[in-house]
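*Asks:* Just run.csv, nothing more (CSV, C-alpha atoms):
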chain,number,residue,atom,x,y,z
A,1,MET,CA,39.3,108.9,155.2
A,2,ARG,CA,36.1,106.9,156.1
A,3,ILE,CA,34.2,110.1,156.8
A,4,ARG,CA,35.3,111.6,153.6
A,5,THR,CA,34.4,108.4,151.8
A,6,VAL,CA,30.8,108.5,153.3
A,7,LEU,CA,30.4,112.2,152.5
A,8,SER,CA,31.9,112.1,149.1
A,9,PRO,CA,29.5,112.7,146.2
A,10,LEU,CA,28.5,109.7,144.1
A,11,PRO,CA,29.1,110.1,140.3
A,12,GLN,CA,26.2,110.7,138.0
A,13,ASP,CA,26.7,107.3,136.2
A,14,ARG,CA,25.9,105.5,139.5
A,15,ALA,CA,22.2,106.3,139.4
A,16,ALA,CA,20.8,103.2,141.0
A,17,GLU,CA,23.2,103.5,143.9
A,18,ARG,CA,22.3,107.2,144.4
A,19,TYR,CA,18.6,106.6,144.5
A,20,LEU,CA,18.9,103.6,146.9
A,21,VAL,CA,21.1,105.7,149.2
A,22,ALA,CA,18.5,108.5,149.1
A,23,LEU,CA,15.6,106.1,149.9
A,24,ALA,CA,17.6,104.5,152.8
A,25,VAL,CA,18.5,107.9,154.2
A,26,ALA,CA,14.8,109.0,154.1
A,27,VAL,CA,13.8,105.9,155.9
A,28,LEU,CA,16.5,106.4,158.5
A,29,SER,CA,15.5,110.0,159.0
A,30,VAL,CA,11.9,108.9,159.8
A,31,LEU,CA,13.2,106.2,162.2
A,32,LEU,CA,15.5,108.7,163.9
A,33,ARG,CA,12.6,111.1,164.4
A,34,GLY,CA,10.7,108.2,166.0
A,35,LEU,CA,13.6,107.7,168.4
A,36,LEU,CA,13.8,111.4,169.2
A,37,ASP,CA,10.0,111.8,169.5
A,38,PRO,CA,10.1,111.6,173.4
A,39,VAL,CA,12.6,114.4,173.4
A,40,LEU,CA,11.3,116.6,170.6
A,41,GLY,CA,7.6,116.0,171.1
A,42,HIS,CA,5.4,118.3,169.0
A,43,VAL,CA,8.3,120.6,167.8
A,44,ALA,CA,11.0,120.2,165.2
A,45,PHE,CA,9.1,117.6,163.3
A,46,TYR,CA,11.3,117.8,160.2
A,47,ALA,CA,14.8,118.2,161.8
A,48,THR,CA,16.0,114.7,160.9
A,49,VAL,CA,14.5,115.1,157.4
A,50,TYR,CA,16.4,118.3,156.9
A,51,MET,CA,19.6,116.5,157.8
A,52,ALA,CA,18.8,113.7,155.4
A,53,VAL,CA,18.0,116.1,152.6
A,54,ALA,CA,21.3,118.0,153.2
A,55,TYR,CA,23.2,114.7,153.1
A,56,CYS,CA,21.4,113.4,150.0
A,57,VAL,CA,21.8,116.5,148.0
A,58,ILE,CA,25.6,116.4,148.5
A,59,VAL,CA,26.1,112.7,148.1
A,60,CYS,CA,23.3,111.7,145.7
A,61,GLY,CA,22.3,114.8,143.9
A,62,PRO,CA,19.3,117.1,143.7
A,63,VAL,CA,16.7,114.7,142.3
A,64,PRO,CA,17.5,111.9,144.9
A,65,ALA,CA,17.5,114.6,147.6
A,66,ALA,CA,14.0,115.8,146.5
A,67,ILE,CA,12.7,112.2,146.6
A,68,CYS,CA,14.3,111.8,150.0
A,69,ALA,CA,12.5,115.0,151.1
A,70,VAL,CA,9.1,113.8,149.9
A,71,ILE,CA,9.5,110.4,151.5
A,72,GLY,CA,10.8,111.9,154.7
A,73,PHE,CA,8.0,114.5,154.8
A,74,ALA,CA,5.3,111.8,154.2
A,75,GLY,CA,6.6,109.5,156.9
A,76,THR,CA,7.1,112.2,159.4
A,77,PHE,CA,3.8,113.9,158.7
A,78,TYR,CA,2.0,110.6,158.9
A,79,TRP,CA,3.5,109.3,162.2
A,80,PHE,CA,4.4,112.4,164.2
A,81,VAL,CA,2.2,115.4,163.1
A,82,ASP,CA,-1.2,115.7,164.7
A,83,PRO,CA,-3.5,114.2,164.0
A,84,ARG,CA,-1.1,111.3,163.8
A,85,HIS,CA,-1.5,108.4,161.5
A,86,SER,CA,-3.3,110.6,159.0
A,87,ILE,CA,-2.3,112.5,155.9
A,88,ARG,CA,-4.9,115.2,156.3
A,89,ILE,CA,-3.4,118.7,156.5
A,90,ILE,CA,-5.2,121.0,158.8
A,91,PRO,CA,-4.8,124.8,158.4
A,92,PRO,CA,-2.6,125.3,161.4
A,93,GLU,CA,0.0,123.0,159.9
A,94,LEU,CA,0.0,124.7,156.5
A,95,HIS,CA,2.8,127.1,157.5
A,96,GLY,CA,4.9,124.1,158.7
A,97,VAL,CA,4.5,122.3,155.4
A,98,ALA,CA,5.3,125.3,153.4
A,99,GLY,CA,8.3,126.0,155.5
A,100,PHE,CA,9.5,122.4,155.2
A,101,PHE,CA,9.4,122.5,151.4
A,102,LEU,CA,10.9,126.0,151.3
A,103,VAL,CA,13.8,124.9,153.6
A,104,SER,CA,14.2,121.7,151.6
A,105,ALA,CA,14.4,123.6,148.3
A,106,VAL,CA,17.0,126.0,149.8
A,107,LEU,CA,19.0,123.0,151.1
A,108,ILE,CA,18.8,121.3,147.8
A,109,LEU,CA,19.9,124.4,145.9
A,110,LEU,CA,22.8,125.1,148.2
A,111,GLY,CA,23.8,121.5,148.5
A,112,ASP,CA,23.7,121.0,144.7
A,113,ALA,CA,26.1,123.9,144.3
A,114,ASN,CA,28.4,122.4,147.0
A,115,ARG,CA,28.1,119.0,145.3
A,116,ARG,CA,29.2,120.4,141.9
A,117,LYS,CA,32.2,122.0,143.5
A,118,GLN,CA,33.0,118.9,145.4
A,119,LEU,CA,32.7,116.8,142.2
A,120,LYS,CA,35.1,119.2,140.4
A,121,LEU,CA,37.5,119.0,143.4
A,122,ASN,CA,37.3,115.2,143.4
A,123,GLY,CA,38.0,115.1,139.7
A,124,ALA,CA,41.0,117.3,140.2
A,125,VAL,CA,42.1,115.1,143.1
A,126,VAL,CA,41.6,112.0,141.0
A,127,ALA,CA,43.5,113.6,138.1
A,128,LEU,CA,46.4,114.7,140.4
A,129,THR,CA,46.4,111.2,142.0
A,130,THR,CA,46.5,109.6,138.6
A,131,GLU,CA,49.2,111.9,137.4
A,132,ALA,CA,51.2,111.3,140.6
A,133,ALA,CA,50.8,107.5,140.1
A,134,GLU,CA,51.7,107.8,136.4
A,135,ARG,CA,54.7,109.9,137.4
A,136,LYS,CA,55.7,107.5,140.0
A,137,ARG,CA,55.3,104.6,137.6
A,138,ALA,CA,57.3,106.5,135.0
A,139,GLN,CA,60.0,107.3,137.5
A,140,GLU,CA,60.1,103.6,138.5
A,141,GLU,CA,60.4,102.6,134.9
A,142,LEU,CA,63.1,105.2,134.3
A,143,ARG,CA,65.0,104.0,137.4
A,144,LYS,CA,64.8,100.4,136.1
A,145,ALA,CA,65.8,101.5,132.6
A,146,HIS,CA,68.7,103.5,134.2
A,147,ASP,CA,69.8,100.5,136.1
A,148,VAL,CA,69.7,98.3,133.0
A,149,LEU,CA,71.5,101.0,131.0
A,150,GLU,CA,74.2,101.2,133.7
A,151,GLN,CA,74.6,97.5,133.7
A,152,ARG,CA,74.9,97.4,129.9
A,153,VAL,CA,77.4,100.3,130.0
A,154,GLU,CA,79.4,98.4,132.6
A,155,GLU,CA,79.3,95.3,130.5
A,156,ARG,CA,80.2,97.2,127.3
A,157,THR,CA,83.0,99.1,129.1
A,158,ALA,CA,84.4,95.8,130.4
A,159,GLU,CA,84.2,94.4,126.8
A,160,LEU,CA,85.8,97.5,125.4
A,161,SER,CA,88.6,97.3,128.1
A,162,GLN,CA,89.2,93.7,127.2
A,163,ALA,CA,89.2,94.6,123.4
A,164,LEU,CA,91.6,97.5,124.1
A,165,ALA,CA,93.8,95.2,126.1
A,166,ARG,CA,93.9,92.7,123.3
A,167,LEU,CA,94.5,95.4,120.7
A,168,GLY,CA,97.3,96.8,122.8
A,169,ALA,CA,98.9,93.4,123.1
A,170,GLU,CA,98.5,92.9,119.4
A,171,VAL,CA,100.0,96.3,118.7
A,172,ASP,CA,102.9,95.5,120.9
A,173,VAL,CA,103.4,92.2,119.2
A,174,ARG,CA,103.2,93.9,115.8
A,175,LYS,CA,105.7,96.5,116.8
A,176,GLN,CA,108.1,93.9,118.0
A,177,ALA,CA,107.6,91.9,114.8
A,178,GLU,CA,108.2,95.1,112.8
A,179,GLU,CA,111.3,95.9,114.8
A,180,GLN,CA,112.5,92.3,114.3
A,181,LEU,CA,111.7,92.5,110.6
A,182,ARG,CA,113.5,95.8,110.3
A,183,TYR,CA,116.5,94.4,112.1
A,184,LEU,CA,116.5,91.3,110.0
A,185,SER,CA,116.2,93.4,106.8
A,186,VAL,CA,119.1,95.6,107.8
A,187,ARG,CA,121.1,92.6,108.9
A,188,LEU,CA,120.3,90.9,105.5
A,189,MET,CA,121.5,93.9,103.6
A,190,THR,CA,124.6,94.1,105.7
A,191,LEU,CA,125.3,90.4,105.0
A,192,GLN,CA,124.6,91.1,101.3
A,193,ASP,CA,127.1,93.9,101.3
A,194,GLU,CA,129.7,91.7,103.0
A,195,GLU,CA,129.0,88.9,100.4
A,196,ARG,CA,129.3,91.4,97.6
A,197,ARG,CA,132.6,92.6,98.9
A,198,ARG,CA,133.8,88.9,99.2
A,199,ILE,CA,132.6,88.0,95.7
A,200,ALA,CA,134.2,91.2,94.3
A,201,ARG,CA,137.4,90.3,96.0
A,202,GLU,CA,137.2,86.7,94.7
A,203,LEU,CA,136.5,87.9,91.2
A,204,HIS,CA,139.3,90.4,91.2
A,205,ASP,CA,141.9,88.1,92.9
A,206,SER,CA,140.9,84.8,91.3
A,207,ALA,CA,139.1,85.2,88.0
A,208,GLY,CA,141.1,88.4,87.2
A,209,GLN,CA,144.4,86.7,87.9
A,210,THR,CA,143.4,83.6,85.8
A,211,LEU,CA,142.5,85.8,82.8
A,212,ALA,CA,145.8,87.7,83.2
A,213,ALA,CA,147.6,84.3,83.2
A,214,ILE,CA,145.7,83.3,80.1
A,215,LYS,CA,147.0,86.5,78.4
A,216,MET,CA,150.6,85.7,79.5
A,217,THR,CA,150.3,82.2,78.2
A,218,ALA,CA,148.9,83.4,74.9
A,219,ALA,CA,151.9,85.7,74.5
A,220,MET,CA,154.3,82.9,75.2
A,221,ILE,CA,152.6,80.7,72.6
A,222,GLU,CA,152.7,83.5,70.1
A,223,GLN,CA,156.5,83.8,70.6
A,224,THR,CA,157.2,80.1,70.3
A,225,GLY,CA,154.8,79.4,67.4
A,226,ARG,CA,155.5,82.2,65.0
A,227,ALA,CA,156.2,79.8,62.2
A,228,VAL,CA,152.8,78.2,62.5
A,229,PRO,CA,150.5,79.6,59.8
A,230,GLY,CA,147.3,81.3,61.2
A,231,LEU,CA,148.4,81.0,64.8
A,232,ARG,CA,149.1,84.7,65.2
A,233,GLU,CA,145.5,85.6,64.2
A,234,LEU,CA,144.1,83.0,66.7
A,235,ILE,CA,146.4,84.4,69.5
A,236,GLU,CA,145.2,88.0,68.8
A,237,GLU,CA,141.5,86.9,68.9
A,238,LEU,CA,142.2,85.0,72.1
A,239,ASN,CA,143.8,88.2,73.6
A,240,VAL,CA,140.8,90.3,72.6
A,241,LEU,CA,138.4,87.8,74.2
A,242,ALA,CA,140.6,87.7,77.3
A,243,ASP,CA,140.7,91.5,77.5
A,244,GLU,CA,136.9,91.7,77.2
A,245,ALA,CA,136.4,89.0,79.9
A,246,LEU,CA,138.9,90.8,82.2
A,247,GLN,CA,137.1,94.1,81.7
A,248,GLU,CA,133.7,92.4,82.4
A,249,VAL,CA,135.1,90.8,85.6
A,250,ARG,CA,136.6,94.1,86.8
A,251,THR,CA,133.4,96.0,86.0
A,252,THR,CA,131.2,93.4,87.8
A,253,SER,CA,133.7,93.3,90.7
A,254,TYR,CA,133.6,97.1,91.0
A,255,LEU,CA,129.8,97.2,90.7
A,256,LEU,CA,129.4,94.7,93.5
A,257,HIS,CA,131.8,96.6,95.8
A,258,PRO,CA,134.1,99.3,94.3
A,259,PRO,CA,137.5,99.3,95.9
A,260,LEU,CA,137.5,103.1,95.6
A,261,LEU,CA,134.8,103.2,98.2
A,262,ASP,CA,137.2,101.8,100.8
A,263,GLU,CA,140.3,103.4,99.5
A,264,SER,CA,139.3,106.9,98.5
A,265,GLY,CA,135.7,107.4,99.8
A,266,ILE,CA,132.3,108.1,98.5
A,267,ALA,CA,133.3,111.1,96.3
A,268,SER,CA,135.7,109.1,94.1
A,269,ALA,CA,133.5,106.0,94.1
A,270,ALA,CA,130.5,108.1,93.1
A,271,ARG,CA,132.3,109.8,90.2
A,272,TRP,CA,133.6,106.5,88.9
A,273,PHE,CA,130.2,104.9,89.1
A,274,VAL,CA,128.4,107.9,87.4
A,275,GLU,CA,131.0,107.9,84.6
A,276,GLY,CA,130.5,104.2,83.9
A,277,PHE,CA,126.7,104.5,84.2
A,278,ALA,CA,126.7,107.3,81.6
A,279,LYS,CA,128.7,105.3,79.2
A,280,ARG,CA,126.6,102.1,79.6
A,281,SER,CA,123.1,103.8,79.6
A,282,GLY,CA,123.7,106.8,77.2
A,283,ILE,CA,122.1,109.1,79.8
A,284,ASP,CA,123.8,112.5,80.3
A,285,VAL,CA,124.7,112.6,84.0
A,286,SER,CA,126.2,115.6,85.7
A,287,CYS,CA,128.0,115.1,89.0
A,288,ASP,CA,128.4,117.9,91.5
A,289,ILE,CA,130.6,116.6,94.2
A,290,PRO,CA,133.2,118.9,96.0
A,291,ASP,CA,136.8,117.8,95.6
A,292,ASP,CA,137.6,118.6,99.2
A,293,LEU,CA,134.6,116.7,100.6
A,294,ALA,CA,135.6,115.3,104.0
A,295,ARG,CA,135.0,111.6,104.3
A,296,PRO,CA,132.0,110.6,106.4
A,297,PRO,CA,131.8,107.4,108.5
A,298,ARG,CA,132.1,104.2,106.5
A,299,ASP,CA,128.5,103.2,107.1
A,300,CYS,CA,127.3,106.5,105.6
A,301,GLU,CA,129.5,106.0,102.5
A,302,LEU,CA,128.2,102.6,101.9
A,303,VAL,CA,124.5,103.7,102.3
A,304,LEU,CA,125.0,106.7,100.0
A,305,PHE,CA,126.6,104.5,97.3
A,306,ARG,CA,123.8,101.9,97.4
A,307,VAL,CA,121.2,104.7,97.2
A,308,LEU,CA,123.0,106.2,94.2
A,309,GLN,CA,123.2,102.7,92.5
A,310,GLU,CA,119.5,102.0,93.1
A,311,SER,CA,118.3,105.5,92.0
A,312,LEU,CA,120.3,105.6,88.8
A,313,THR,CA,119.2,102.0,88.0
A,314,ASN,CA,115.5,103.1,88.4
A,315,VAL,CA,116.2,106.2,86.2
A,316,HIS,CA,117.6,103.9,83.5
A,317,ARG,CA,114.8,101.3,83.8
A,318,HIS,CA,111.6,103.3,84.4
A,319,SER,CA,111.9,107.1,84.0
A,320,GLY,CA,112.8,107.4,80.3
A,321,ALA,CA,115.0,110.3,81.2
A,322,SER,CA,117.7,111.7,79.0
A,323,ALA,CA,119.7,113.5,81.7
A,324,ALA,CA,120.2,113.2,85.4
A,325,ASP,CA,121.9,115.4,88.0
A,326,ILE,CA,123.8,114.2,91.1
A,327,LYS,CA,124.6,116.5,94.0
A,328,LEU,CA,126.5,115.5,97.2
A,329,ALA,CA,127.3,118.0,99.9
A,330,LEU,CA,128.2,118.2,103.5
A,331,ASP,CA,126.2,120.9,105.2
A,332,SER,CA,127.1,121.5,108.9
A,333,ASP,CA,126.4,118.2,110.5
A,334,GLN,CA,124.3,116.7,107.7
A,335,LEU,CA,125.3,114.9,104.6
A,336,LYS,CA,122.9,115.5,101.7
A,337,LEU,CA,122.6,113.4,98.4
A,338,ALA,CA,120.2,114.3,95.7
A,339,ILE,CA,119.5,112.4,92.5
A,340,ALA,CA,117.3,114.2,90.0
A,341,ASP,CA,116.2,113.2,86.5
A,342,ASN,CA,114.1,114.8,83.7
A,343,GLY,CA,112.0,111.7,83.1
A,344,SER,CA,108.2,111.2,83.0
A,345,GLY,CA,107.9,111.1,86.8
A,346,ILE,CA,106.1,108.6,89.1
A,347,PRO,CA,102.3,108.5,88.9
A,348,GLU,CA,100.6,110.0,91.9
A,349,GLU,CA,98.9,106.7,92.9
A,350,ARG,CA,102.1,104.8,92.5
A,351,LEU,CA,103.9,107.4,94.6
A,352,LYS,CA,101.3,107.1,97.4
A,353,HIS,CA,101.9,103.3,97.4
A,354,LEU,CA,105.6,103.9,97.6
A,355,GLU,CA,105.3,106.3,100.5
A,356,ALA,CA,102.9,104.0,102.4
A,357,ALA,CA,104.5,101.6,104.8
A,358,GLY,CA,105.0,98.1,103.4
A,359,LYS,CA,104.0,99.2,99.9
A,360,SER,CA,107.5,100.1,98.6
A,361,GLY,CA,109.3,98.1,96.1
A,362,VAL,CA,112.2,96.0,97.2
A,363,GLY,CA,114.8,98.6,96.1
A,364,ILE,CA,113.1,101.6,97.6
A,365,ALA,CA,112.3,99.7,100.8
A,366,GLY,CA,115.9,98.7,101.0
A,367,MET,CA,117.1,102.3,100.6
A,368,ARG,CA,114.6,103.5,103.2
A,369,GLU,CA,115.6,100.9,105.7
A,370,ARG,CA,119.3,101.6,105.2
A,371,VAL,CA,118.8,105.4,105.7
A,372,ARG,CA,116.5,104.9,108.7
A,373,GLU,CA,119.0,102.6,110.4
A,374,LEU,CA,121.5,105.5,110.4
A,375,GLY,CA,118.9,108.0,111.7
A,376,GLY,CA,118.4,109.8,108.4
A,377,ARG,CA,115.5,110.3,106.1
A,378,LEU,CA,114.7,109.5,102.4
A,379,GLU,CA,112.3,111.7,100.4
A,380,ILE,CA,110.9,111.2,96.9
A,381,HIS,CA,109.4,114.1,95.0
A,382,SER,CA,108.0,113.5,91.6
A,383,GLY,CA,106.2,115.5,88.9
A,384,LYS,CA,105.8,116.1,85.2
A,385,SER,CA,109.4,117.5,85.1
A,386,GLY,CA,110.9,114.4,86.6
A,387,THR,CA,111.7,112.7,89.9
A,388,THR,CA,114.1,113.7,92.7
A,389,VAL,CA,115.4,111.3,95.4
A,390,SER,CA,116.9,113.1,98.4
A,391,VAL,CA,118.8,111.5,101.3
A,392,ILE,CA,119.8,113.4,104.4
A,393,LEU,CA,122.1,111.6,106.9
A,394,PRO,CA,123.2,113.1,110.2
A,395,ILE,CA,126.9,113.1,110.9
A,396,SER,CA,128.2,113.0,114.5
A,397,LYS,CA,130.5,115.8,115.4
A,398,GLY,CA,134.1,114.6,115.6
A,399,SER,CA,133.4,111.4,113.7
A,400,ASP,CA,136.4,109.9,112.0
A,401,VAL,CA,136.9,107.9,108.8
A,402,GLY,CA,135.6,104.4,109.3
A,403,ASN,CA,133.5,105.2,112.3
A,404,SER,CA,130.3,103.4,112.0
A,405,ARG,CA,128.3,105.4,114.5
A,406,VAL,CA,126.2,108.4,113.4
A,407,GLY,CA,124.2,110.9,115.2
A,408,VAL,CA,120.4,110.4,115.6
A,409,THR,CA,118.2,112.9,113.9
A,410,ALA,CA,114.4,112.7,113.6
A,411,ALA,CA,113.5,111.2,110.2
Spell out the structure here as structure tokens.

*Replies:*
Amino acid sequence: MRIRTVLSPLPQDRAAERYLVALAVAVLSVLLRGLLDPVLGHVAFYATVYMAVAYCVIVCGPVPAAICAVIGFAGTFYWFVDPRHSIRIIPPELHGVAGFFLVSAVLILLGDANRRKQLKLNGAVVALTTEAAERKRAQEELRKAHDVLEQRVEERTAELSQALARLGAEVDVRKQAEEQLRYLSVRLMTLQDEERRRIARELHDSAGQTLAAIKMTAAMIEQTGRAVPGLRELIEELNVLADEALQEVRTTSYLLHPPLLDESGIASAARWFVEGFAKRSGIDVSCDIPDDLARPPRDCELVLFRVLQESLTNVHRHSGASAADIKLALDSDQLKLAIADNGSGIPEERLKHLEAAGKSGVGIAGMRERVRELGGRLEIHSGKSGTTVSVILPISKGSDVGNSRVGVTAA
């Protein structure tokens, strides 16, 4: 490395250094010739100068090498060529002087060509070294960036894992809350049905009996007070009011919980309700229910009746329909109920809200929860020609009347 540094060409922009080196080498060549004078004597006067010129042309360039040649020649000629200590050139020495300058010129030309190649080579080496250093620096920066990225990825992954864990816990809590809410909703509707049944029984047994007693008392008053003027008309008016009140109590009692549902099943209860609804609402309702329809489990009958009630109530309140069609059929192990009307239908946006979880109205949400609890499904199809509410309930094979368990079918 040291030898290569000493022999390496100096760049052109370092002019002062090149000329100083050439001057120093010229002086050293003369001094070296003086040291070798006892050995060389009167031959090879310019050997050390040739070496100096060859060195200078490679390291310092052609011009500094020429200056080195001139200074080396002058010093050598003055101190070592006879007559010594004189710069007079005698004819026998002319061939030596000419040979010196010819050899020096050849050395300068050849050395300059070698110097140019060496400079190009050094430039390539410097470029490669710089590129290698830049590449190494880039690789180091890339490695550092990769390490930082890996650290950030690990931190972000840990954060995401924690977020996913929290989200999973929240989802589990929400599912549990939804399950509890669904259970409470179904439980509330069950209690509501039981309370309706109790109120209906109370109305029928208490208020109905009281009104019947009022009618009997009015009849007895009529018999005992025939001689009283105007009493007969009052008694007849009282009987009419009692009959109306008794009819209202019976209707309300049956609407709360029709006794036909427990006594004769969904078919009879549905026909009775549809007939009364048609009279009260003025809507033409057709009822397609087979006479020989086998009774499904009690829970299914109650759910179907409540769906029928809610659907016909919605038809009367919101659809503006003039007719409705009720179909109830037992197909294989599925019980199907369809309520269709010819009303204006449900707007598309409203229907999307009804289909979305948690967006249904209280009545539709209640129907959906009742049906889902029994493993069935409730579907609503609406268009310009009207709306159809369909319920499909699975029936366990071999189920008996009053059995509250039903088969599970995907909703």

*Asks:* What is the CA of Ala145 in chain A-CA of Ala133 in chain A distance in Å, reported with one decimal?

*Replies:*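 Calculated distance between CA of Ala145 in chain A and CA of Ala133 in chain A is 17.8 Å.
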
*Asks:* Compare A:Gly282, A:Gly345, A:Pro9, A:Gly34 by their minimum atom-to-atom distance to Thr76 in chain A, counting all atoms listed in the file, and give me the closest one.

*Replies:*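 Nearest to Thr76 in chain A: A:Gly34.
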
*Asks:* Could you check how far CA of Ser382 in chain A sits from CA of Val315 in chain A, in Å to one decimal?

*Replies:*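 For CA of Ser382 in chain A relative to CA of Val315 in chain A, the distance reads 12.2 Å.
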
*Asks:* Give the answer as one residue: which of A:Gln247, A:Asn239, A:Thr130, A:Gln334 has the shortest atom-to-atom distance to Arg377 in chain A, using only C-alpha atoms?

*Replies:*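 Ranking A:Gln247, A:Asn239, A:Thr130, A:Gln334 by distance to Arg377 in chain A, first place goes to A:Gln334.
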
*Asks:* Using Å and a single decimal, report how far CA of Tyr78 in chain A sits from CA of Ala66 in chain A.

*Replies:*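 Going from CA of Ala66 in chain A over to CA of Tyr78 in chain A, I get 18.0 Å.
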
*Asks:* Between A:Arg368, A:Gly96, A:Asp284, A:Ile58, single out the one closest to Asn114 in chain A, counting only C-alpha atoms.

*Replies:*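 That would be A:Ile58, the residue with the smallest distance to Asn114 in chain A.
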